[in-house]
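Dropping entry.tsv in here (TSV, C-alpha atoms):
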chain	number	residue	atom	x	y	z
T	13	SER	CA	-13.60	-25.08	-154.51
T	14	GLY	CA	-11.58	-22.68	-156.60
T	15	ALA	CA	-9.35	-19.67	-156.50
T	16	GLN	CA	-9.47	-16.28	-158.13
T	17	LEU	CA	-7.24	-13.24	-158.03
T	18	THR	CA	-8.81	-9.87	-158.80
T	19	LEU	CA	-6.50	-7.01	-159.74
T	20	ARG	CA	-7.81	-3.46	-159.43
T	21	ILE	CA	-5.94	-1.29	-161.92
T	22	LEU	CA	-5.35	2.24	-160.73
T	23	PRO	CA	-5.59	4.29	-163.90
T	24	ILE	CA	-2.72	6.23	-165.31
T	25	ASN	CA	-4.60	6.88	-168.52
T	26	LYS	CA	-8.08	6.00	-169.70
T	27	GLY	CA	-8.07	2.54	-171.25
T	28	ASP	CA	-5.19	1.08	-169.22
T	29	THR	CA	-7.24	-1.98	-168.25
T	30	GLY	CA	-7.90	-2.73	-171.91
T	31	GLU	CA	-4.24	-2.37	-172.83
T	32	ILE	CA	-3.12	-4.63	-169.97
T	33	HIS	CA	-5.77	-7.18	-170.94
T	34	GLN	CA	-4.66	-7.16	-174.56
T	35	ARG	CA	-0.95	-7.47	-173.72
T	36	CYS	CA	-1.67	-10.33	-171.30
T	37	GLN	CA	-3.59	-12.22	-173.99
T	38	GLU	CA	-0.70	-11.67	-176.42
T	39	ALA	CA	1.59	-13.18	-173.74
T	40	GLY	CA	-0.68	-16.22	-173.37
T	41	ILE	CA	-2.28	-15.10	-170.09
T	42	TYR	CA	-6.06	-15.14	-170.30
T	43	LEU	CA	-7.82	-12.80	-167.92
T	44	ASP	CA	-11.41	-11.81	-167.40
T	45	ARG	CA	-11.81	-8.05	-167.84
T	46	ARG	CA	-14.41	-6.18	-165.81
T	47	ASP	CA	-14.53	-2.52	-166.78
T	48	PRO	CA	-13.68	0.01	-165.67
T	49	ASP	CA	-10.76	-1.21	-163.52
T	50	LEU	CA	-10.79	-4.94	-162.72
T	51	LEU	CA	-8.93	-7.89	-164.17
T	52	ARG	CA	-9.55	-11.40	-162.84
T	53	ILE	CA	-7.26	-14.38	-163.21
T	54	THR	CA	-8.19	-17.89	-162.14
T	55	PRO	CA	-5.72	-20.77	-161.91
T	56	ILE	CA	-7.23	-24.21	-162.44
T	57	ALA	CA	-6.34	-26.22	-159.35
T	58	LEU	CA	-5.79	-29.61	-160.98
T	59	TYR	CA	-3.85	-28.29	-163.99
T	60	THR	CA	-1.92	-25.20	-162.91
T	61	SER	CA	1.54	-25.76	-161.45
T	62	PHE	CA	3.62	-23.45	-159.29
T	63	LYS	CA	5.81	-22.89	-162.35
T	64	ASP	CA	2.76	-21.77	-164.37
T	65	VAL	CA	1.76	-19.27	-161.67
T	66	TYR	CA	5.34	-17.99	-161.36
T	67	GLU	CA	5.69	-17.53	-165.13
T	68	ALA	CA	2.34	-15.74	-165.37
T	69	ALA	CA	3.28	-13.40	-162.49
T	70	THR	CA	6.65	-12.69	-164.14
T	71	ARG	CA	4.98	-11.88	-167.47
T	72	ILE	CA	2.35	-9.67	-165.82
T	73	ARG	CA	5.09	-7.81	-163.95
T	74	GLN	CA	6.92	-7.22	-167.23
T	75	ILE	CA	3.72	-6.00	-168.90
T	76	PHE	CA	3.20	-3.46	-166.11
T	77	ALA	CA	6.83	-2.34	-166.41
T	78	ASP	CA	6.51	-1.98	-170.21
T	79	ILE	CA	3.32	0.07	-169.89
T	80	HIS	CA	4.91	2.27	-167.21
T	81	ARG	CA	7.97	2.80	-169.43
T	82	ASP	CA	5.80	3.58	-172.47
T	83	THR	CA	3.68	6.03	-170.46
T	84	ALA	CA	6.75	7.74	-169.00
T	85	SER	CA	8.27	8.01	-172.47
T	86	LEU	CA	5.11	9.61	-173.88
T	87	THR	CA	4.88	12.01	-170.94
T	88	ALA	CA	8.52	13.03	-171.37
T	89	GLU	CA	8.00	13.53	-175.10
T	90	LYS	CA	4.99	15.78	-174.51
T	91	SER	CA	6.85	17.91	-171.98
T	92	LYS	CA	9.95	18.48	-174.12
T	93	PRO	CA	10.44	22.10	-175.06
T	94	ARG	CA	9.88	22.62	-178.75
T	95	LEU	CA	11.62	25.08	-180.93
T	96	GLU	CA	9.04	26.97	-182.89
T	97	THR	CA	10.16	28.76	-185.97
T	98	THR	CA	8.42	31.69	-187.49
T	99	LYS	CA	8.96	32.72	-191.05
T	100	HIS	CA	9.58	36.40	-191.46
T	101	TRP	CA	8.99	37.65	-194.98
I need this file expressed as structure tokens, please.
Amino acid sequence: SGAQLTLRILPINKGDTGEIHQRCQEAGIYLDRRDPDLLRITPIALYTSFKDVYEAATRIRQIFADIHRDTASLTAEKSKPRLETTKHW
């Protein structure tokens, strides 16, 4: 028997699942991506320790926090009032 955790990603922006998948791979966490909104992670029972699961969960949490921060930063940047100058000749 085995175990699997499926994460349904509620979209903030189109492509969030792909970005999370990519960042997880860069962090050494290998997930199975099922578009449009699922990521699956499967620990191997005989080889995965509690420490491994804890570290993966900590990294995934940080990835979500980073994406949230990046998205909030972009949203704030887009909503900043801009000074438009007009040249009068």
Inset, instruction - Work out how far apart CA of Asp64 in chain T and CA of Thr83 in chain T are and give it in Å to one decimal. - result: 28.5 Å
Legend entry - Cut-off 8 Å around (-8.5, -20.0, -164.1) with all atoms listed in the file: residues as a list in words: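 Counting all atoms listed in the file, I find these residues within 8 Å of (-8.5, -20.0, -164.1): Ala15, Gln16, Ile53, Thr54, Pro55 and Ile56 of chain T.
Nearest to Ala69 in chain T of all the residues T:Cys36, T:Asp82, T:Arg20, T:Glu31 is T:Cys36, counting all atoms listed in the file.
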Legend entry - Which residue of T:Ile75, T:Asp49, T:His80, T:Ser61 approaches Gln37 in chain T most closely, using all atoms listed in the file: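 Smallest separation from Gln37 in chain T among the options: T:Ile75.
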Legend entry - Counting all atoms listed in the file, the option among T:Gly14, T:Arg46, T:Arg35, T:Ile21 closest to Asp78 in chain T: T:Arg35
Inset, instruction - Go ahead and compute the interatomic distance for CA of Leu51 in chain T and CA of Leu19 in chain T, in Å to one decimal. - result: 5.1 Å
Legend entry - Atom-to-atom span, CA of Ile79 in chain T and CA of Lys63 in chain T, Å: 24.3 Å
How about completing range 37-48 of chain T with all heavy atoms and giving it to me as a short mmCIF file (atom, residue, chain, number, x, y, z; two decimals), keeping the file's coordinate frame?
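part.cif, freshly written:
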data_model
loop_
_atom_site.label_atom_id
_atom_site.label_comp_id
_atom_site.auth_asym_id
_atom_site.auth_seq_id
_atom_site.Cartn_x
_atom_site.Cartn_y
_atom_site.Cartn_z
N GLN T 37 -3.15 -11.20 -173.03
CA GLN T 37 -3.59 -12.22 -173.99
C GLN T 37 -2.50 -12.52 -175.00
O GLN T 37 -2.26 -13.67 -175.35
CB GLN T 37 -4.87 -11.78 -174.69
CG GLN T 37 -6.08 -11.92 -173.80
CD GLN T 37 -7.36 -11.73 -174.56
OE1 GLN T 37 -7.45 -10.94 -175.50
NE2 GLN T 37 -8.38 -12.46 -174.16
N GLU T 38 -1.79 -11.47 -175.47
CA GLU T 38 -0.70 -11.67 -176.42
C GLU T 38 0.42 -12.49 -175.80
O GLU T 38 1.14 -13.20 -176.50
CB GLU T 38 -0.16 -10.32 -176.90
CG GLU T 38 -1.14 -9.57 -177.79
CD GLU T 38 -0.75 -8.12 -178.04
OE1 GLU T 38 0.28 -7.66 -177.50
OE2 GLU T 38 -1.50 -7.44 -178.78
N ALA T 39 0.56 -12.42 -174.45
CA ALA T 39 1.59 -13.18 -173.74
C ALA T 39 1.10 -14.56 -173.32
O ALA T 39 1.82 -15.30 -172.65
CB ALA T 39 2.06 -12.39 -172.51
N GLY T 40 -0.14 -14.91 -173.70
CA GLY T 40 -0.68 -16.22 -173.37
C GLY T 40 -1.31 -16.30 -171.99
O GLY T 40 -1.53 -17.39 -171.47
N ILE T 41 -1.62 -15.15 -171.39
CA ILE T 41 -2.28 -15.10 -170.09
C ILE T 41 -3.71 -14.62 -170.33
O ILE T 41 -3.92 -13.51 -170.79
CB ILE T 41 -1.56 -14.13 -169.14
CG1 ILE T 41 -0.10 -14.55 -168.98
CG2 ILE T 41 -2.26 -14.07 -167.79
CD1 ILE T 41 0.76 -13.48 -168.36
N TYR T 42 -4.68 -15.48 -170.00
CA TYR T 42 -6.06 -15.14 -170.30
C TYR T 42 -6.76 -14.69 -169.03
O TYR T 42 -6.89 -15.44 -168.07
CB TYR T 42 -6.75 -16.33 -170.98
CG TYR T 42 -6.06 -16.60 -172.29
CD1 TYR T 42 -5.09 -17.58 -172.40
CD2 TYR T 42 -6.32 -15.80 -173.39
CE1 TYR T 42 -4.42 -17.78 -173.60
CE2 TYR T 42 -5.66 -15.99 -174.59
CZ TYR T 42 -4.70 -16.98 -174.69
OH TYR T 42 -4.03 -17.16 -175.85
N LEU T 43 -7.16 -13.44 -169.05
CA LEU T 43 -7.82 -12.80 -167.92
C LEU T 43 -9.25 -12.47 -168.27
O LEU T 43 -9.61 -12.35 -169.44
CB LEU T 43 -7.10 -11.47 -167.58
CG LEU T 43 -5.61 -11.50 -167.33
CD1 LEU T 43 -5.08 -10.09 -167.20
CD2 LEU T 43 -5.30 -12.29 -166.09
N ASP T 44 -10.04 -12.29 -167.24
CA ASP T 44 -11.41 -11.81 -167.40
C ASP T 44 -11.39 -10.32 -167.08
O ASP T 44 -10.95 -9.92 -166.00
CB ASP T 44 -12.32 -12.57 -166.44
CG ASP T 44 -13.76 -12.10 -166.52
OD1 ASP T 44 -14.22 -11.75 -167.63
OD2 ASP T 44 -14.42 -12.10 -165.47
N ARG T 45 -11.82 -9.51 -168.00
CA ARG T 45 -11.81 -8.05 -167.84
C ARG T 45 -13.17 -7.57 -167.39
O ARG T 45 -14.19 -7.90 -168.00
CB ARG T 45 -11.43 -7.42 -169.18
CG ARG T 45 -11.41 -5.92 -169.17
CD ARG T 45 -10.95 -5.44 -170.53
NE ARG T 45 -11.28 -4.04 -170.70
CZ ARG T 45 -11.26 -3.42 -171.86
NH1 ARG T 45 -10.93 -4.08 -172.95
NH2 ARG T 45 -11.57 -2.15 -171.93
N ARG T 46 -13.18 -6.79 -166.32
CA ARG T 46 -14.41 -6.18 -165.81
C ARG T 46 -14.18 -4.67 -165.74
O ARG T 46 -13.51 -4.18 -164.84
CB ARG T 46 -14.76 -6.71 -164.41
CG ARG T 46 -15.03 -8.19 -164.37
CD ARG T 46 -16.30 -8.50 -165.08
NE ARG T 46 -16.51 -9.95 -165.09
CZ ARG T 46 -17.53 -10.52 -165.63
NH1 ARG T 46 -18.44 -9.80 -166.24
NH2 ARG T 46 -17.66 -11.82 -165.60
N ASP T 47 -14.70 -3.97 -166.74
CA ASP T 47 -14.53 -2.52 -166.78
C ASP T 47 -15.23 -1.86 -165.61
O ASP T 47 -16.25 -2.37 -165.16
CB ASP T 47 -15.06 -1.97 -168.10
CG ASP T 47 -14.12 -2.28 -169.26
OD1 ASP T 47 -12.91 -2.42 -169.01
OD2 ASP T 47 -14.60 -2.38 -170.39
N PRO T 48 -14.73 -0.78 -165.08
CA PRO T 48 -13.68 0.01 -165.67
C PRO T 48 -12.28 -0.35 -165.20
O PRO T 48 -11.30 0.01 -165.85
CB PRO T 48 -14.02 1.43 -165.22
CG PRO T 48 -14.61 1.24 -163.86
CD PRO T 48 -15.36 -0.07 -163.96
#
